[in-house]
Structures are given as C-alpha cells and as structure tokens.
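Peer 1: Take a look at my_file30.cif, mmCIF, C-alpha atoms:
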```cif
data_start
#
loop_
_atom_site.group_PDB
_atom_site.id
_atom_site.type_symbol
_atom_site.label_atom_id
_atom_site.label_comp_id
_atom_site.auth_asym_id
_atom_site.auth_seq_id
_atom_site.Cartn_x
_atom_site.Cartn_y
_atom_site.Cartn_z
ATOM 1 C CA MET A 1 79.139 105.755 118.781
ATOM 2 C CA GLU A 2 80.484 105.529 115.220
ATOM 3 C CA LYS A 3 84.278 105.512 114.890
ATOM 4 C CA VAL A 4 85.907 107.482 112.081
ATOM 5 C CA ALA A 5 89.066 106.222 110.346
ATOM 6 C CA LEU A 6 91.274 107.773 107.682
ATOM 7 C CA VAL A 7 93.044 105.210 105.491
ATOM 8 C CA THR A 8 95.839 106.449 103.238
ATOM 9 C CA GLY A 9 96.801 104.250 100.304
ATOM 10 C CA ALA A 10 93.251 102.956 100.593
ATOM 11 C CA SER A 11 92.959 101.337 97.165
ATOM 12 C CA GLY A 12 96.167 99.303 97.454
ATOM 13 C CA TYR A 13 96.201 95.572 98.110
ATOM 14 C CA ILE A 14 96.319 95.882 101.900
ATOM 15 C CA GLY A 15 94.356 99.137 102.010
ATOM 16 C CA THR A 16 91.366 97.705 100.140
ATOM 17 C CA ARG A 17 91.040 94.797 102.521
ATOM 18 C CA LEU A 18 91.489 97.063 105.524
ATOM 19 C CA VAL A 19 88.708 99.363 104.285
ATOM 20 C CA ARG A 20 86.444 96.343 103.798
ATOM 21 C CA LYS A 21 87.153 95.181 107.365
ATOM 22 C CA LEU A 22 86.621 98.622 108.908
ATOM 23 C CA LEU A 23 83.286 99.125 107.149
ATOM 24 C CA GLY A 24 82.192 95.688 108.291
ATOM 25 C CA SER A 25 83.159 96.631 111.852
ATOM 26 C CA GLY A 26 80.968 99.739 111.819
ATOM 27 C CA TYR A 27 83.582 102.412 111.112
ATOM 28 C CA ARG A 28 82.967 105.465 108.959
ATOM 29 C CA VAL A 29 85.887 105.532 106.538
ATOM 30 C CA VAL A 30 87.660 108.378 104.758
ATOM 31 C CA ALA A 31 89.677 106.804 101.916
ATOM 32 C CA PHE A 32 92.706 108.750 100.690
ATOM 33 C CA ASP A 33 94.847 107.820 97.695
ATOM 34 C CA LEU A 34 96.668 109.369 94.778
ATOM 35 C CA ARG A 35 94.145 107.698 92.493
ATOM 36 C CA PHE A 36 91.458 105.070 93.003
ATOM 37 C CA SER A 37 91.185 101.946 90.896
ATOM 38 C CA PRO A 38 87.874 101.416 89.061
ATOM 39 C CA GLY A 39 87.291 98.238 91.058
ATOM 40 C CA PHE A 40 87.729 100.081 94.356
ATOM 41 C CA VAL A 41 85.305 102.810 93.327
ATOM 42 C CA GLU A 42 82.745 100.274 92.131
ATOM 43 C CA GLU A 43 82.910 98.261 95.378
ATOM 44 C CA PHE A 44 82.758 101.180 97.814
ATOM 45 C CA ASP A 45 80.736 103.814 95.962
ATOM 46 C CA GLY A 46 78.269 105.333 98.408
ATOM 47 C CA LYS A 47 79.829 103.535 101.373
ATOM 48 C CA LEU A 48 82.673 105.912 102.259
ATOM 49 C CA LEU A 49 84.218 109.295 101.524
ATOM 50 C CA PHE A 50 86.680 109.309 98.605
ATOM 51 C CA ALA A 51 89.514 111.853 98.761
ATOM 52 C CA ASP A 52 92.227 111.768 96.108
ATOM 53 C CA GLY A 53 95.473 113.669 96.467
ATOM 54 C CA ASP A 54 99.203 113.648 97.158
ATOM 55 C CA ILE A 55 100.302 112.249 100.524
ATOM 56 C CA ASN A 56 102.566 115.300 100.882
ATOM 57 C CA ASP A 57 99.566 117.650 100.645
ATOM 58 C CA LYS A 58 99.418 118.358 104.373
ATOM 59 C CA ASP A 59 96.730 121.026 104.081
ATOM 60 C CA LYS A 60 94.314 118.612 102.434
ATOM 61 C CA LEU A 61 95.040 115.865 104.954
ATOM 62 C CA CYS A 62 94.558 118.190 107.921
ATOM 63 C CA SER A 63 91.301 119.471 106.433
ATOM 64 C CA LEU A 64 89.997 115.906 106.059
ATOM 65 C CA ILE A 65 90.816 115.164 109.696
ATOM 66 C CA GLU A 66 89.167 118.331 110.974
ATOM 67 C CA LYS A 67 86.018 118.246 108.842
ATOM 68 C CA ASN A 68 85.298 114.560 109.337
ATOM 69 C CA GLY A 69 86.280 114.216 112.979
ATOM 70 C CA VAL A 70 88.860 111.521 112.164
ATOM 71 C CA GLU A 71 89.894 109.556 115.267
ATOM 72 C CA TYR A 72 92.018 106.763 113.819
ATOM 73 C CA ILE A 73 94.594 106.987 111.032
ATOM 74 C CA TYR A 74 95.960 104.027 109.114
ATOM 75 C CA HIS A 75 98.920 105.250 107.084
ATOM 76 C CA MET A 76 99.254 102.605 104.345
ATOM 77 C CA ALA A 77 100.392 104.889 101.507
ATOM 78 C CA GLY A 78 103.932 104.663 100.192
ATOM 79 C CA LEU A 79 106.251 103.570 97.417
ATOM 80 C CA LYS A 80 107.710 100.061 97.500
ATOM 81 C CA ASN A 81 110.387 100.328 94.808
ATOM 82 C CA ARG A 82 113.123 97.772 95.517
ATOM 83 C CA LYS A 83 115.494 98.149 92.559
ATOM 84 C CA ASN A 84 117.993 100.213 94.574
ATOM 85 C CA GLN A 85 118.703 102.607 91.727
ATOM 86 C CA ILE A 86 120.377 105.782 92.939
ATOM 87 C CA GLU A 87 117.491 108.082 91.971
ATOM 88 C CA GLU A 88 115.135 106.045 94.150
ATOM 89 C CA PHE A 89 116.765 107.217 97.385
ATOM 90 C CA SER A 90 115.426 110.767 97.066
ATOM 91 C CA LEU A 91 112.078 109.645 95.585
ATOM 92 C CA LEU A 92 111.389 107.138 98.366
ATOM 93 C CA MET A 93 112.403 109.602 101.069
ATOM 94 C CA HIS A 94 110.075 112.205 99.541
ATOM 95 C CA VAL A 95 107.086 109.854 99.519
ATOM 96 C CA ASN A 96 107.673 107.504 102.457
ATOM 97 C CA TYR A 97 109.369 109.899 104.874
ATOM 98 C CA GLY A 98 107.718 113.106 103.632
ATOM 99 C CA GLY A 99 104.255 111.536 103.533
ATOM 100 C CA THR A 100 104.665 110.245 107.071
ATOM 101 C CA LEU A 101 105.718 113.716 108.203
ATOM 102 C CA SER A 102 102.512 115.137 106.703
ATOM 103 C CA ILE A 103 100.355 112.585 108.530
ATOM 104 C CA LEU A 104 102.118 112.983 111.865
ATOM 105 C CA ASP A 105 102.046 116.784 111.723
ATOM 106 C CA CYS A 106 98.303 116.748 111.046
ATOM 107 C CA ALA A 107 97.791 114.344 113.953
ATOM 108 C CA ARG A 108 99.854 116.677 116.132
ATOM 109 C CA GLN A 109 97.606 119.602 115.251
ATOM 110 C CA TYR A 110 94.367 117.807 116.214
ATOM 111 C CA PRO A 111 95.004 116.069 119.550
ATOM 112 C CA GLN A 112 91.332 116.509 120.408
ATOM 113 C CA HIS A 113 90.451 114.193 117.496
ATOM 114 C CA ILE A 114 93.225 111.639 117.077
ATOM 115 C CA LYS A 115 93.173 108.568 119.300
ATOM 116 C CA HIS A 116 95.659 106.373 117.416
ATOM 117 C CA VAL A 117 97.857 106.474 114.324
ATOM 118 C CA ILE A 118 98.993 103.176 112.816
ATOM 119 C CA LEU A 119 102.102 103.535 110.668
ATOM 120 C CA MET A 120 102.829 100.713 108.245
ATOM 121 C CA GLY A 121 106.496 99.873 108.577
ATOM 122 C CA THR A 122 108.264 96.813 107.179
ATOM 123 C CA THR A 123 110.597 94.069 108.334
ATOM 124 C CA GLU A 124 112.886 95.256 105.533
ATOM 125 C CA GLU A 125 113.969 97.937 107.993
ATOM 126 C CA TYR A 126 116.050 95.232 109.696
ATOM 127 C CA GLY A 127 118.028 94.542 106.524
ATOM 128 C CA THR A 128 121.303 92.783 107.323
ATOM 129 C CA ALA A 129 120.707 92.615 111.076
ATOM 130 C CA VAL A 130 121.242 89.235 112.699
ATOM 131 C CA ALA A 131 118.077 87.105 112.608
ATOM 132 C CA PRO A 132 115.707 86.419 114.238
ATOM 133 C CA PHE A 133 114.538 90.040 114.198
ATOM 134 C CA TYR A 134 113.342 91.540 117.454
ATOM 135 C CA GLU A 135 111.951 95.061 117.787
ATOM 136 C CA THR A 136 115.107 95.851 119.772
ATOM 137 C CA SER A 137 117.419 94.640 116.974
ATOM 138 C CA GLN A 138 119.761 97.234 115.475
ATOM 139 C CA GLU A 139 118.280 97.986 112.044
ATOM 140 C CA LEU A 140 120.680 97.819 109.104
ATOM 141 C CA PRO A 141 118.570 98.416 105.968
ATOM 142 C CA ASN A 142 120.280 97.497 102.715
ATOM 143 C CA SER A 143 117.826 99.144 100.314
ATOM 144 C CA ALA A 144 116.475 102.587 99.572
ATOM 145 C CA TYR A 145 113.027 101.308 100.506
ATOM 146 C CA GLY A 146 114.109 99.911 103.866
ATOM 147 C CA LEU A 147 116.042 103.077 104.646
ATOM 148 C CA SER A 148 113.083 105.353 103.865
ATOM 149 C CA LYS A 149 110.776 103.273 106.056
ATOM 150 C CA LEU A 150 113.260 103.271 108.927
ATOM 151 C CA ALA A 151 113.536 107.058 108.664
ATOM 152 C CA ALA A 152 109.737 107.256 108.890
ATOM 153 C CA THR A 153 109.791 104.989 111.954
ATOM 154 C CA ARG A 154 112.341 107.192 113.731
ATOM 155 C CA LEU A 155 110.264 110.257 112.859
ATOM 156 C CA ALA A 156 107.137 108.653 114.308
ATOM 157 C CA LEU A 157 108.880 107.802 117.580
ATOM 158 C CA LEU A 158 110.119 111.400 117.843
ATOM 159 C CA PHE A 159 106.574 112.714 117.345
ATOM 160 C CA TYR A 160 105.381 110.339 120.065
ATOM 161 C CA THR A 161 107.955 111.474 122.640
ATOM 162 C CA GLN A 162 108.043 115.166 121.739
ATOM 163 C CA TYR A 163 104.470 115.903 120.661
ATOM 164 C CA LYS A 164 102.544 113.025 122.288
ATOM 165 C CA VAL A 165 101.159 111.819 118.945
ATOM 166 C CA PRO A 166 99.663 108.360 119.729
ATOM 167 C CA VAL A 167 101.440 106.369 117.035
ATOM 168 C CA THR A 168 102.312 102.698 116.683
ATOM 169 C CA ILE A 169 104.704 101.337 114.046
ATOM 170 C CA MET A 170 103.739 97.904 112.744
ATOM 171 C CA ARG A 171 106.348 95.900 110.851
ATOM 172 C CA PRO A 172 104.655 93.133 108.837
ATOM 173 C CA SER A 173 106.520 90.271 107.222
ATOM 174 C CA ILE A 174 105.827 89.159 103.650
ATOM 175 C CA THR A 175 102.063 89.377 103.187
ATOM 176 C CA TYR A 176 100.276 87.137 100.704
ATOM 177 C CA GLY A 177 96.755 86.127 99.755
ATOM 178 C CA PRO A 178 94.083 86.202 97.053
ATOM 179 C CA GLY A 179 94.192 89.062 94.570
ATOM 180 C CA GLN A 180 97.793 90.116 95.105
ATOM 181 C CA GLY A 181 99.807 91.531 92.211
ATOM 182 C CA THR A 182 102.269 89.192 90.511
ATOM 183 C CA GLU A 183 105.331 91.301 91.311
ATOM 184 C CA MET A 184 105.695 89.354 94.571
ATOM 185 C CA PHE A 185 107.271 85.878 94.762
ATOM 186 C CA LEU A 186 104.231 83.774 95.696
ATOM 187 C CA PRO A 187 101.785 85.234 93.141
ATOM 188 C CA ALA A 188 104.473 85.034 90.442
ATOM 189 C CA LEU A 189 105.129 81.400 91.368
ATOM 190 C CA ILE A 190 101.453 80.416 91.406
ATOM 191 C CA THR A 191 100.460 82.182 88.187
ATOM 192 C CA GLY A 192 103.615 80.967 86.450
ATOM 193 C CA LEU A 193 102.957 77.339 87.314
ATOM 194 C CA LEU A 194 99.247 77.639 86.432
ATOM 195 C CA SER A 195 100.215 78.863 82.969
ATOM 196 C CA ASP A 196 102.288 75.679 82.438
ATOM 197 C CA LYS A 197 105.475 77.677 81.965
ATOM 198 C CA PRO A 198 108.816 76.762 83.587
ATOM 199 C CA PHE A 199 109.408 78.753 86.777
ATOM 200 C CA ALA A 200 113.075 79.625 87.198
ATOM 201 C CA MET A 201 114.225 80.625 90.671
ATOM 202 C CA SER A 202 117.347 80.846 92.809
ATOM 203 C CA PRO A 203 118.578 77.869 94.888
ATOM 204 C CA GLY A 204 115.890 78.994 97.366
ATOM 205 C CA LEU A 205 117.797 78.718 100.641
ATOM 206 C CA GLN A 206 116.526 82.157 101.705
ATOM 207 C CA VAL A 207 114.446 82.001 104.887
ATOM 208 C CA ARG A 208 111.243 84.060 104.903
ATOM 209 C CA ASP A 209 108.135 84.535 107.051
ATOM 210 C CA PHE A 210 104.811 84.572 105.158
ATOM 211 C CA LEU A 211 101.781 86.247 106.749
ATOM 212 C CA TYR A 212 98.286 85.645 105.355
ATOM 213 C CA ILE A 213 96.472 88.873 104.456
ATOM 214 C CA ASP A 214 93.490 88.257 106.768
ATOM 215 C CA ASP A 215 95.809 87.884 109.754
ATOM 216 C CA LEU A 216 97.515 91.188 108.941
ATOM 217 C CA ILE A 217 94.177 93.009 108.613
ATOM 218 C CA ASP A 218 93.039 91.592 111.958
ATOM 219 C CA ALA A 219 96.289 92.807 113.534
ATOM 220 C CA LEU A 220 95.796 96.329 112.176
ATOM 221 C CA VAL A 221 92.247 96.613 113.525
ATOM 222 C CA VAL A 222 92.933 94.951 116.883
ATOM 223 C CA CYS A 223 96.108 96.917 117.590
ATOM 224 C CA CYS A 224 94.542 100.252 116.665
ATOM 225 C CA GLU A 225 92.176 99.759 119.583
ATOM 226 C CA GLU A 226 95.022 98.959 122.029
ATOM 227 C CA SER A 227 96.210 102.268 123.514
ATOM 228 C CA ASN A 228 99.075 100.565 125.363
ATOM 229 C CA LEU A 229 100.778 100.050 121.978
ATOM 230 C CA CYS A 230 101.252 103.797 121.433
ATOM 231 C CA GLY A 231 104.924 104.652 121.087
ATOM 232 C CA GLU A 232 105.817 101.039 120.264
ATOM 233 C CA ILE A 233 107.252 99.156 117.294
ATOM 234 C CA VAL A 234 105.694 95.706 116.854
ATOM 235 C CA ASN A 235 106.523 92.915 114.436
ATOM 236 C CA VAL A 236 103.503 91.333 112.730
ATOM 237 C CA ALA A 237 104.304 87.920 111.285
ATOM 238 C CA SER A 238 103.390 84.261 111.368
ATOM 239 C CA GLY A 239 106.414 83.544 113.540
ATOM 240 C CA ILE A 240 107.248 80.562 111.326
ATOM 241 C CA SER A 241 110.313 80.576 109.058
ATOM 242 C CA LEU A 242 110.270 78.781 105.711
ATOM 243 C CA GLN A 243 112.889 78.381 102.994
ATOM 244 C CA LEU A 244 111.770 79.637 99.577
ATOM 245 C CA LYS A 245 112.712 76.260 98.097
ATOM 246 C CA GLU A 246 110.364 74.543 100.553
ATOM 247 C CA VAL A 247 107.607 77.052 99.772
ATOM 248 C CA ALA A 248 108.011 76.587 96.019
ATOM 249 C CA GLU A 249 107.949 72.819 96.336
ATOM 250 C CA LYS A 250 104.747 72.943 98.425
ATOM 251 C CA VAL A 251 103.012 75.164 95.875
ATOM 252 C CA ALA A 252 104.183 73.012 92.962
ATOM 253 C CA GLY A 253 102.967 69.925 94.823
ATOM 254 C CA PHE A 254 99.503 71.391 95.427
ATOM 255 C CA LEU A 255 99.279 72.226 91.713
ATOM 256 C CA GLN A 256 100.915 68.965 90.580
ATOM 257 C CA LYS A 257 103.415 71.014 88.571
ATOM 258 C CA GLU A 258 106.660 69.790 90.122
ATOM 259 C CA GLU A 259 108.312 69.317 86.733
ATOM 260 C CA ALA A 260 107.920 73.023 85.901
ATOM 261 C CA LEU A 261 109.880 74.160 88.963
ATOM 262 C CA GLN A 262 113.493 75.071 88.132
ATOM 263 C CA VAL A 263 115.232 75.532 91.477
ATOM 264 C CA GLY A 264 118.716 77.011 91.132
ATOM 265 C CA ALA A 265 118.232 78.146 87.532
ATOM 266 C CA ILE A 266 119.088 81.762 88.392
ATOM 267 C CA PRO A 267 121.572 83.226 90.892
ATOM 268 C CA TYR A 268 120.749 85.061 94.102
ATOM 269 C CA ARG A 269 120.389 88.825 93.861
ATOM 270 C CA GLY A 270 123.502 90.793 94.706
ATOM 271 C CA PHE A 271 121.980 92.246 97.884
ATOM 272 C CA GLU A 272 120.008 89.178 98.922
ATOM 273 C CA ILE A 273 119.214 88.798 102.632
ATOM 274 C CA MET A 274 119.301 85.090 103.419
ATOM 275 C CA ASN A 275 117.468 85.029 106.751
ATOM 276 C CA TYR A 276 114.325 86.999 107.562
ATOM 277 C CA SER A 277 113.184 85.103 110.667
ATOM 278 C CA ILE A 278 110.930 87.275 112.825
ATOM 279 C CA ASN A 279 110.071 87.163 116.519
ATOM 280 C CA ILE A 280 106.471 88.094 117.448
ATOM 281 C CA ASP A 281 106.589 87.731 121.234
ATOM 282 C CA LYS A 282 106.053 91.459 121.775
ATOM 283 C CA ILE A 283 102.763 91.835 119.896
ATOM 284 C CA LYS A 284 101.461 88.664 121.545
ATOM 285 C CA LYS A 285 102.346 90.098 124.960
ATOM 286 C CA LEU A 286 100.896 93.582 124.393
ATOM 287 C CA SER A 287 97.760 92.712 122.419
ATOM 288 C CA SER A 288 95.123 90.022 121.966
ATOM 289 C CA TRP A 289 96.165 89.411 118.338
ATOM 290 C CA ARG A 290 97.481 86.037 117.208
ATOM 291 C CA PRO A 291 98.172 84.717 113.678
ATOM 292 C CA ILE A 292 95.623 81.985 113.040
ATOM 293 C CA THR A 293 96.113 80.984 109.386
ATOM 294 C CA SER A 294 98.625 78.216 108.702
ATOM 295 C CA PHE A 295 100.726 78.483 105.551
ATOM 296 C CA GLU A 296 99.059 75.380 104.130
ATOM 297 C CA GLU A 297 95.589 76.842 104.660
ATOM 298 C CA GLY A 298 96.539 80.276 103.365
ATOM 299 C CA ILE A 299 98.327 79.032 100.267
ATOM 300 C CA LYS A 300 95.417 76.763 99.315
ATOM 301 C CA LYS A 301 93.013 79.713 99.521
ATOM 302 C CA THR A 302 95.430 81.806 97.462
ATOM 303 C CA ILE A 303 95.914 79.127 94.812
ATOM 304 C CA ASN A 304 92.148 78.622 94.483
ATOM 305 C CA SER A 305 91.640 82.340 93.954
ATOM 306 C CA TYR A 306 94.131 82.385 91.078
ATOM 307 C CA LYS A 307 92.589 79.279 89.549
#
```
What would the structure in this file look like if it were written as structure tokens?

Peer 2:
Amino acid sequence: MEKVALVTGASGYIGTRLVRKLLGSGYRVVAFDLRFSPGFVEEFDGKLLFADGDINDKDKLCSLIEKNGVEYIYHMAGLKNRKNQIEEFSLLMHVNYGGTLSILDCARQYPQHIKHVILMGTTEEYGTAVAPFYETSQELPNSAYGLSKLAATRLALLFYTQYKVPVTIMRPSITYGPGQGTEMFLPALITGLLSDKPFAMSPGLQVRDFLYIDDLIDALVVCCEESNLCGEIVNVASGISLQLKEVAEKVAGFLQKEEALQVGAIPYRGFEIMNYSINIDKIKKLSSWRPITSFEEGIKKTINSYK
C-alpha cells in the first residue's frame, strides 16, 4: 500500500534530496514550502502535490493532512539565521517554535492518520555543553537559532507525553554534499579555492563532525519507519571528529591549492564553540542506520560536483 508523506521545507537543500528519496521509495509526497524554487518545480512537476504557504498556517497544514491521508511528516522547514542579532530571537521563535507547534497540533488532531513525525533538530542545541554530545547532555545553546530549536524539541517531547503524538527529534551534525549553498564552511572553502582566490580562515582548531548528505537522508527515511524511536532524541552524525584546519588542508590538497589557504588570517568568532564532537551510539542501538560515507569519499564527490 502506498505511503503518504508530508515534507515541510521541501525545496530546501535537505528537503529536495529527501523528496527525491521518498519518491524513489514509492511514497506519495505532499511538498510544503513558503515558495518553491524553479529547479524544484521543474524536477518534480507532475510527480507530487505542491502546496505553498506559511508554516504557521495551521488550518492549511491540517487540511493537507486530512485531505491527502498523510501518514508521515518530515518537518524540515525553519530559519537558520546565526548572526545572533537581538531581533532574531523573536523571529526564530515565531518560525522554528511556532511552525513546530502548528505541525504537532495538526498531528494531534489526526491520530487516525499520523504514524510518525520526524522533527529536524540540530546539534547546535547543545551549544556550550561539554563534548562529546550525548542525547542526555544538558543543552546550553549560545545562539538564537539553537535556542529556538531547543524550544521546539521540548515542545515535541511534551506533545509526545501529553498527547501521544508519535514524534522523533533528529539532531544532525554539519551536513555537506553536492549542490549546497556557499554560506556553509565547506562549500565556501571549495568554491573559493576553485576560483583561485586566497581563502582566509581562523586558526582552525575547532572540532566538527561532518555528515554526508546521502547518509542523513538515509537516516531520515530509515528512522521514520522505526516506531521504537517515537518520543526519542537521536544524534545523526558521522561519529568522527575533525579539526577545521585538517579539513581545509585535505580539501586544498585534493585541489592542489595549498598556497591559497590562509590558516589563521582571521580571528575566531566571539561566540565560537571549539568542540562539537558527537556520540551516535543511541541511533545505532535503536535503528538499523549507520553512516557509510567516509569524509574522503564524500568530499571528493562534493568537490567534483563544484568542478
């Protein structure tokens, strides 16, 4: 029998690849976004239901669930502003917390339909907590973005315990891969070096975990079919920690652009978190998912796509 999934934020970087995977796995997909990119429309025209709108429009979301018999919800929509300007606190809470409330309330109203809700969290919820990050770590977000996502996580857990909404919060590490926007470190590094321009960066002693996009998409699809994950928070990461300096040097080496790399040319950000090591024992214990793409393999695929 055909499964029906609602994907919010469907035309984003992760959302697009998730939609592609779901369609390939035989799902009927309802794609929801504030606006759809021309490329998204061109690729999926005639293959799914397009529904544009505000994530806080609960009436429209509930109507989509009811009319289409939605069983699975992937809540990918949200704002990722990280500048920490004071006005962003209310904006991010409105979109990230308020949008999650809309989704969860609709799921609450249609228990006969909804089998699983996947909420996209972030490892930025941990903030200044002591690494490595476990799901049981005390979260200490140090940004408006991390705070808004943590608030959404707490809301989801309340809806699970109080209203029996079958929700799982997935906290991915830094995702990378072909086609990603250049606002992130790896795409900015690759495109900068390919353009033969000097790439200035901090001393690069920050520790990060990089997760290849295909591994994240596999985790989303696999875990949505695991009912024992309902009511749980799970980290989704490679489980391997790398210093940004090491990452930059590997990329520069692959491109033979070592001379363009300027490590230490700029200072660390004022609110820089130095260690984002992530433990993934829980998701490996509770599901069949495993990260399978090494950083070397993933970065070569990513570099080739930008070339």

Peer 1: Please enumerate the residues selected by the PyMOL selection byres ((chain A and resi 69-71) around 7) when evaluated against the supplied file, formatted as a PyMOL selection string.

Peer 2: chain A and resi 3-6+65-68+72-73+113-116

Peer 1: Identify the residues within 10 Å of coordinate (117.5, 89.6, 108.0) (same frame as the file), considering all atoms listed in the file, and give the answer as a PDB file with C-alpha atoms, keeping the file's coordinate frame.

Peer 2:
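Listed below is the output, out_13.pdb:
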```
ATOM      1  CA  THR A 123     110.597  94.069 108.334  1.00  0.00           C
ATOM      2  CA  GLU A 124     112.886  95.256 105.533  1.00  0.00           C
ATOM      3  CA  GLU A 125     113.969  97.937 107.993  1.00  0.00           C
ATOM      4  CA  TYR A 126     116.050  95.232 109.696  1.00  0.00           C
ATOM      5  CA  GLY A 127     118.028  94.542 106.524  1.00  0.00           C
ATOM      6  CA  THR A 128     121.303  92.783 107.323  1.00  0.00           C
ATOM      7  CA  ALA A 129     120.707  92.615 111.076  1.00  0.00           C
ATOM      8  CA  VAL A 130     121.242  89.235 112.699  1.00  0.00           C
ATOM      9  CA  ALA A 131     118.077  87.105 112.608  1.00  0.00           C
ATOM     10  CA  PRO A 132     115.707  86.419 114.238  1.00  0.00           C
ATOM     11  CA  PHE A 133     114.538  90.040 114.198  1.00  0.00           C
ATOM     12  CA  GLU A 139     118.280  97.986 112.044  1.00  0.00           C
ATOM     13  CA  LEU A 140     120.680  97.819 109.104  1.00  0.00           C
ATOM     14  CA  PRO A 141     118.570  98.416 105.968  1.00  0.00           C
ATOM     15  CA  ASN A 142     120.280  97.497 102.715  1.00  0.00           C
ATOM     16  CA  GLN A 206     116.526  82.157 101.705  1.00  0.00           C
ATOM     17  CA  VAL A 207     114.446  82.001 104.887  1.00  0.00           C
ATOM     18  CA  ARG A 208     111.243  84.060 104.903  1.00  0.00           C
ATOM     19  CA  GLU A 272     120.008  89.178  98.922  1.00  0.00           C
ATOM     20  CA  ILE A 273     119.214  88.798 102.632  1.00  0.00           C
ATOM     21  CA  MET A 274     119.301  85.090 103.419  1.00  0.00           C
ATOM     22  CA  ASN A 275     117.468  85.029 106.751  1.00  0.00           C
ATOM     23  CA  TYR A 276     114.325  86.999 107.562  1.00  0.00           C
ATOM     24  CA  SER A 277     113.184  85.103 110.667  1.00  0.00           C
ATOM     25  CA  ILE A 278     110.930  87.275 112.825  1.00  0.00           C
TER      26      ILE A 278
END
```

Peer 1: Counting only C-alpha atoms, which of A:Glu225, A:Glu246, A:Glu42, A:Asp52 gets nearest to A:Ala10?

Peer 2: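 For A:Ala10, the nearest of the candidates is A:Asp52.
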
Peer 1: With distances taken over all atoms listed in the file, which residue among A:Leu48, A:Ile14, A:Val29, A:Val19 lies nearest A:Tyr212?

Peer 2: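 Nearest candidate to A:Tyr212 out of A:Leu48, A:Ile14, A:Val29, A:Val19: A:Ile14.
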
Peer 1: May I have the protein, DNA and RNA residues with an atom at most 12 Å from (100.7, 114.5, 108.5), counting only C-alpha atoms in the file's coordinates, returned as a PyMOL selection string?

Peer 2: chain A and resi 6+8+54-65+73-75+77+95-110+114+117+119+152+155-156+159+165+167

Peer 1: Please indicate the distance in Å from atom CA of A:Tyr27 to atom CA of A:Cys224, rounded to one decimal place.

Peer 2: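 Separation between atom CA of A:Tyr27 and atom CA of A:Cys224: 12.5 Å.
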
Peer 1: For the atom pair atom CA of A:Ser202 and atom CA of A:Leu244, what is the interatomic distance in Å to one decimal place?

Peer 2: 8.9 Å

Peer 1: Counting all atoms listed in the file, figure out which residue out of A:Glu183, A:Leu216, A:Gly270, A:Val247 gets nearest to A:Ser143.

Peer 2: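 Of all the options, A:Gly270 lies closest to A:Ser143.
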
Peer 1: I'd like the interatomic distance between atom CA of A:Glu43 and atom CA of A:Lys80, to a tenth of an Å.

Peer 2: 25.0 Å

Peer 1: Go through A:Ile190, A:Leu23, A:Met1, A:Leu150 one by one, measure the shortest atom-to-atom distance of each to A:Ser305 using only C-alpha atoms, and give the residue with the smallest value.

Peer 2: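 The shortest atom-to-atom distance to A:Ser305 comes from A:Ile190.
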
Peer 1: Using only C-alpha atoms, determine which residues lie at most 8 Å from stretch 262-267 of chain A, disregarding the query and same-chain residues fewer than 6 positions distant; provide the list as a PyMOL selection string.

Peer 2: chain A and resi 198-204+245

Peer 1: Can you give me, as an MDAnalysis selection string, the residues this file yields under the PyMOL selection byres ((chain A and resi 178) around 12)?

Peer 2: chainID A and resid 13:14 17 175:177 179:182 186:187 190:191 212:214 298:307

Peer 1: Kindly indicate which residue among A:Arg82, A:Gly231, A:Arg290, A:Gly24 lies nearest to A:Met184, using only C-alpha atoms for the distances.

Peer 2: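 Counting only C-alpha atoms, the residue closest to A:Met184 is A:Arg82.
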
Peer 1: Report as AutoDock Vina command-line options the centre and the edge lengths, in Å to one decimal, of the axis-aligned box holding every listed atom of stretch 74-77 of chain A, padded by 8 Å on each side.

Peer 2:
```
--center_x 98.2 --center_y 103.9 --center_z 105.3 --size_x 20.4 --size_y 18.6 --size_z 23.6
```

Peer 1: I'd like to see the residues matched by the PyMOL selection byres ((chain A and resi 232) around 10) on this file, and ideally I'd get them as a VMD selection string.

Peer 2: chain A and resid 135 156 to 157 160 166 to 170 228 to 231 233 to 234 282 to 283 286

Peer 1: Store the residues picked out above, limited to C-alpha atoms, as a PDB file, keeping the file's coordinate frame.

Peer 2:
```pdb
ATOM      1  CA  GLU A 135     111.951  95.061 117.787  1.00  0.00           C
ATOM      2  CA  ALA A 156     107.137 108.653 114.308  1.00  0.00           C
ATOM      3  CA  LEU A 157     108.880 107.802 117.580  1.00  0.00           C
ATOM      4  CA  TYR A 160     105.381 110.339 120.065  1.00  0.00           C
ATOM      5  CA  PRO A 166      99.663 108.360 119.729  1.00  0.00           C
ATOM      6  CA  VAL A 167     101.440 106.369 117.035  1.00  0.00           C
ATOM      7  CA  THR A 168     102.312 102.698 116.683  1.00  0.00           C
ATOM      8  CA  ILE A 169     104.704 101.337 114.046  1.00  0.00           C
ATOM      9  CA  MET A 170     103.739  97.904 112.744  1.00  0.00           C
ATOM     10  CA  ASN A 228      99.075 100.565 125.363  1.00  0.00           C
ATOM     11  CA  LEU A 229     100.778 100.050 121.978  1.00  0.00           C
ATOM     12  CA  CYS A 230     101.252 103.797 121.433  1.00  0.00           C
ATOM     13  CA  GLY A 231     104.924 104.652 121.087  1.00  0.00           C
ATOM     14  CA  ILE A 233     107.252  99.156 117.294  1.00  0.00           C
ATOM     15  CA  VAL A 234     105.694  95.706 116.854  1.00  0.00           C
ATOM     16  CA  LYS A 282     106.053  91.459 121.775  1.00  0.00           C
ATOM     17  CA  ILE A 283     102.763  91.835 119.896  1.00  0.00           C
ATOM     18  CA  LEU A 286     100.896  93.582 124.393  1.00  0.00           C
TER      19      LEU A 286
END
```

Peer 1: Measuring between all atoms listed in the file, which one of A:Val236, A:Leu205, A:Val222, A:Leu194 shows the shortest distance to A:Glu258?

Peer 2: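 Looking at the shortest contact to A:Glu258, the residue is A:Leu194.
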